[in-house]
Amino acid sequence: MNVIEAIKTRRSVRSYQDKPIEPEKLQRLLEAARLAPSASNSQDWKFVVVQDPQARQALAKACHNQAFIAQAPVVIAACSTNPTRLMASGQSAAAVDLAIAVDHITLAATELGLGSCWIGAFDAPAVAKLLAVPADAVVVHVLPLGYPAESPPARPRKSADEVICQEKFS
């Protein structure tokens with residue numbers, strides 16, 4: 001599978017098989033995150049890999065009771081170790097850098113036959129407490145991963161004409 005195929009076939013998976021992710025596949029996912037670009041190549045991040053069933057259950061509760069999160073055999077919390085850093089544009093480096101890294105994971109997961117679901121609905125302080133994230137760091141994204149137990153259809157996308165402008169915003 002090439003990158004464009006992974007982009008076209010990636011789906012948000014909310015149901016997982018009761019099957020562990022092989023260690024070598026998990027390592028490939030983490031390597032995809034590690035190699036992601038970051039502002040000034042600062043790599044101000046930590047990826048907390050959660051596999052313990054009780055910890056995943058607690059995470060699901062902290063993620064607004066989204067039970068499917070506990071069903072995934074692996075949950076990764078993407079954390080910023082420099083959450084107040086801004087890029088020259090004024091944008092949060094943590095939000096941008098970790099979005100790129102998590103996207104690398106989702107595309108690598110798709111290539112490996114795994115599913116994922118980007119979680120934005122969570123209680124960040126509660127997740128941080130569960131994972132012993134220090135006060136000077138912050139949880140930015142939560143990502144459950146596993147073998148899909150469903151094949152969600154593609155979601156509609158706006159046409160290119162609706163989202164692409166040439167030369168000036170229009």
# chains A, B, ... in the order shown; residues from 1 in each chain; ligands from 1

$ closest_atom_pairs --of "region 79-106 of chain A" --to "region 141-157 of chain A" --cutoff "8 Å" --atoms "only C-alpha atoms" --output "Markdown table"
| residue | atom | partner | partner_atom | distance |
| --- | --- | --- | --- | --- |
| A:Cys79 | CA | A:His141 | CA | 7.1 |
| A:Leu98 | CA | A:His141 | CA | 7.5 |
| A:Ala99 | CA | A:His141 | CA | 7.9 |
| A:Val102 | CA | A:Leu143 | CA | 7.8 |

$ atom_distance --atom1 "CA of Leu26 (chain A)" --atom2 "CA of Ser80 (chain A)"
20.5 Å

$ closest_residue --among "A:Gln51, A:Asn2, A:Ser170, A:Thr106" --to "Ala72 (chain A)" --atoms "only C-alpha atoms"
A:Gln51

$ closest_atom_pairs --of "region 125-152 of chain A" --to "region 58-69 of chain A" --cutoff "8 Å" --atoms "only C-alpha atoms" --output "JSON lines"
{"residue": "A:Ala126", "atom": "CA", "partner": "A:Ala62", "partner_atom": "CA", "distance": 5.9}
{"residue": "A:Val127", "atom": "CA", "partner": "A:Ala62", "partner_atom": "CA", "distance": 6.0}
{"residue": "A:Leu130", "atom": "CA", "partner": "A:Leu59", "partner_atom": "CA", "distance": 7.4}
{"residue": "A:Pro144", "atom": "CA", "partner": "A:Ile69", "partner_atom": "CA", "distance": 5.7}

$ write_last_selection --atoms "N, CA and C atoms" --output "compact mmCIF listing (two decimals), in the first residue's frame"
# COMPACT_ATOMS: atom_id res chain seq x y z
N ALA A 126 -7.52 14.59 33.63
CA ALA A 126 -7.79 13.23 34.12
C ALA A 126 -6.89 12.21 33.43
N VAL A 127 -6.74 12.35 32.11
CA VAL A 127 -5.85 11.44 31.37
C VAL A 127 -4.41 11.62 31.86
N LEU A 130 -3.97 9.85 35.15
CA LEU A 130 -3.93 8.40 34.98
C LEU A 130 -2.57 7.92 34.47
N PRO A 144 -6.66 5.24 20.16
CA PRO A 144 -6.79 3.79 20.29
C PRO A 144 -6.40 3.12 18.97

$ closest_residue --among "A:Ala78, A:Ile105, A:Leu114, A:Ala39" --to "Ala93 (chain A)" --atoms "only C-alpha atoms"
A:Ala39

$ residues_around --residues "Pro83 (chain A)" --least-positions-apart "6" --cutoff "8 Å" --atoms "only C-alpha atoms" --output "number ranges by chain"
A: 92-94, 136-138

$ atom_distance --atom1 "CA of Ile4 (chain A)" --atom2 "CA of Val49 (chain A)"
26.9 Å

$ select_by_dssp --residues "region 5-109 of chain A" --states "helix (DSSP H, G or I)" --output "VMD selection string"
chain A and resid 5 to 9 23 to 34 39 to 41 53 to 62 68 to 71 93 to 109

$ write_last_selection --atoms "N, CA and C atoms" --output "short mmCIF file (atom, residue, chain, number, x, y, z; two decimals), in the first residue's frame"
data_model
loop_
_atom_site.label_atom_id
_atom_site.label_comp_id
_atom_site.auth_asym_id
_atom_site.auth_seq_id
_atom_site.Cartn_x
_atom_site.Cartn_y
_atom_site.Cartn_z
N GLU A 5 -2.91 5.55 -1.05
CA GLU A 5 -3.89 4.50 -0.76
C GLU A 5 -4.24 4.49 0.73
N ALA A 6 -3.25 4.66 1.59
CA ALA A 6 -3.51 4.70 3.03
C ALA A 6 -4.39 5.89 3.38
N ILE A 7 -4.12 7.04 2.77
CA ILE A 7 -4.95 8.23 3.01
C ILE A 7 -6.39 7.98 2.56
N LYS A 8 -6.56 7.36 1.41
CA LYS A 8 -7.89 7.11 0.88
C LYS A 8 -8.66 6.04 1.66
N THR A 9 -7.96 5.10 2.28
CA THR A 9 -8.66 3.98 2.94
C THR A 9 -8.72 4.11 4.46
N PRO A 23 4.19 -7.00 18.59
CA PRO A 23 5.20 -6.03 19.02
C PRO A 23 5.93 -5.35 17.86
N GLU A 24 6.23 -6.11 16.81
CA GLU A 24 6.95 -5.49 15.68
C GLU A 24 6.08 -4.46 14.95
N LYS A 25 4.78 -4.70 14.90
CA LYS A 25 3.88 -3.71 14.29
C LYS A 25 3.77 -2.47 15.17
N LEU A 26 3.67 -2.67 16.47
CA LEU A 26 3.61 -1.53 17.38
C LEU A 26 4.89 -0.71 17.26
N GLN A 27 6.03 -1.37 17.16
CA GLN A 27 7.30 -0.64 17.01
C GLN A 27 7.32 0.17 15.71
N ARG A 28 6.75 -0.36 14.65
CA ARG A 28 6.69 0.39 13.38
C ARG A 28 5.83 1.64 13.53
N LEU A 29 4.73 1.53 14.27
CA LEU A 29 3.86 2.69 14.50
C LEU A 29 4.60 3.77 15.30
N LEU A 30 5.29 3.34 16.33
CA LEU A 30 6.02 4.29 17.17
C LEU A 30 7.19 4.91 16.41
N GLU A 31 7.80 4.15 15.54
CA GLU A 31 8.88 4.69 14.71
C GLU A 31 8.33 5.73 13.73
N ALA A 32 7.14 5.50 13.21
CA ALA A 32 6.50 6.49 12.33
C ALA A 32 6.30 7.81 13.07
N ALA A 33 5.89 7.74 14.33
CA ALA A 33 5.71 8.95 15.13
C ALA A 33 7.06 9.60 15.42
N ARG A 34 8.02 8.81 15.80
CA ARG A 34 9.35 9.34 16.15
C ARG A 34 9.99 10.09 15.00
N ALA A 39 8.39 21.37 14.69
CA ALA A 39 8.89 22.74 14.60
C ALA A 39 10.33 22.80 15.10
N SER A 40 11.22 23.31 14.27
CA SER A 40 12.66 23.42 14.58
C SER A 40 13.26 22.07 14.96
N ASN A 41 12.64 20.98 14.52
CA ASN A 41 13.07 19.63 14.86
C ASN A 41 13.23 19.45 16.37
N PRO A 53 -5.26 -3.68 30.40
CA PRO A 53 -6.72 -3.56 30.26
C PRO A 53 -7.38 -2.62 31.27
N GLN A 54 -6.94 -2.64 32.52
CA GLN A 54 -7.53 -1.76 33.52
C GLN A 54 -7.21 -0.29 33.23
N ALA A 55 -6.00 -0.04 32.79
CA ALA A 55 -5.61 1.33 32.45
C ALA A 55 -6.40 1.81 31.23
N ARG A 56 -6.62 0.94 30.26
CA ARG A 56 -7.41 1.32 29.07
C ARG A 56 -8.85 1.61 29.48
N GLN A 57 -9.37 0.83 30.41
CA GLN A 57 -10.73 1.06 30.91
C GLN A 57 -10.83 2.43 31.58
N ALA A 58 -9.85 2.78 32.38
CA ALA A 58 -9.83 4.09 33.04
C ALA A 58 -9.69 5.20 32.01
N LEU A 59 -8.88 4.98 30.99
CA LEU A 59 -8.75 5.97 29.92
C LEU A 59 -10.08 6.19 29.21
N ALA A 60 -10.79 5.11 28.94
CA ALA A 60 -12.08 5.22 28.27
C ALA A 60 -13.03 6.11 29.08
N LYS A 61 -13.02 5.94 30.39
CA LYS A 61 -13.85 6.79 31.25
C LYS A 61 -13.43 8.24 31.15
N ALA A 62 -12.11 8.49 31.16
CA ALA A 62 -11.59 9.86 31.08
C ALA A 62 -11.81 10.47 29.69
N PHE A 68 -15.43 2.13 23.52
CA PHE A 68 -14.64 1.44 22.49
C PHE A 68 -13.13 1.66 22.69
N ILE A 69 -12.77 2.72 23.39
CA ILE A 69 -11.35 2.99 23.63
C ILE A 69 -10.74 1.86 24.46
N ALA A 70 -11.47 1.38 25.44
CA ALA A 70 -10.98 0.27 26.27
C ALA A 70 -10.91 -1.03 25.48
N GLN A 71 -11.70 -1.14 24.43
CA GLN A 71 -11.71 -2.34 23.60
C GLN A 71 -10.45 -2.46 22.75
N ALA A 93 2.98 25.00 18.67
CA ALA A 93 3.86 23.96 18.13
C ALA A 93 3.39 22.58 18.60
N ALA A 94 2.91 22.49 19.84
CA ALA A 94 2.45 21.19 20.37
C ALA A 94 1.31 20.63 19.54
N ALA A 95 0.33 21.46 19.25
CA ALA A 95 -0.83 20.99 18.49
C ALA A 95 -0.43 20.54 17.08
N VAL A 96 0.40 21.34 16.44
CA VAL A 96 0.80 21.02 15.06
C VAL A 96 1.72 19.81 15.04
N ASP A 97 2.77 19.84 15.86
CA ASP A 97 3.74 18.74 15.85
C ASP A 97 3.10 17.40 16.17
N LEU A 98 2.25 17.38 17.19
CA LEU A 98 1.65 16.10 17.57
C LEU A 98 0.57 15.66 16.60
N ALA A 99 -0.08 16.60 15.92
CA ALA A 99 -1.03 16.22 14.88
C ALA A 99 -0.29 15.50 13.74
N ILE A 100 0.87 16.02 13.38
CA ILE A 100 1.66 15.37 12.33
C ILE A 100 2.07 13.97 12.78
N ALA A 101 2.60 13.86 13.99
CA ALA A 101 3.06 12.56 14.48
C ALA A 101 1.92 11.55 14.58
N VAL A 102 0.78 11.98 15.09
CA VAL A 102 -0.36 11.06 15.21
C VAL A 102 -0.87 10.68 13.83
N ASP A 103 -0.86 11.61 12.89
CA ASP A 103 -1.27 11.27 11.53
C ASP A 103 -0.32 10.23 10.93
N HIS A 104 0.97 10.36 11.19
CA HIS A 104 1.92 9.34 10.74
C HIS A 104 1.52 7.97 11.30
N ILE A 105 1.14 7.94 12.58
CA ILE A 105 0.73 6.67 13.19
C ILE A 105 -0.52 6.13 12.50
N THR A 106 -1.51 6.98 12.26
CA THR A 106 -2.76 6.49 11.67
C THR A 106 -2.53 5.93 10.27
N LEU A 107 -1.67 6.57 9.50
CA LEU A 107 -1.41 6.09 8.14
C LEU A 107 -0.59 4.80 8.17
N ALA A 108 0.40 4.72 9.06
CA ALA A 108 1.17 3.49 9.20
C ALA A 108 0.26 2.35 9.67
N ALA A 109 -0.66 2.66 10.58
CA ALA A 109 -1.60 1.65 11.07
C ALA A 109 -2.46 1.12 9.92
#

$ closest_residue --among "A:Val139, A:Phe122, A:Ala128, A:Ser116" --to "Ser12 (chain A)" --atoms "only C-alpha atoms"
A:Ser116

$ select_by_dssp --residues "region 20-166 of chain A" --states "strand (DSSP E)" --output "list in words"
Trp45, Lys46, Phe47, Val48, Val49, Val50, Val74, Val75, Ile76, Ala77, Ala78, Cys79, Ser80, Gly115, Ser116, Val138, Val139, Val140, His141, Val142, Leu143, Pro144, Leu145 and Gly146 of chain A
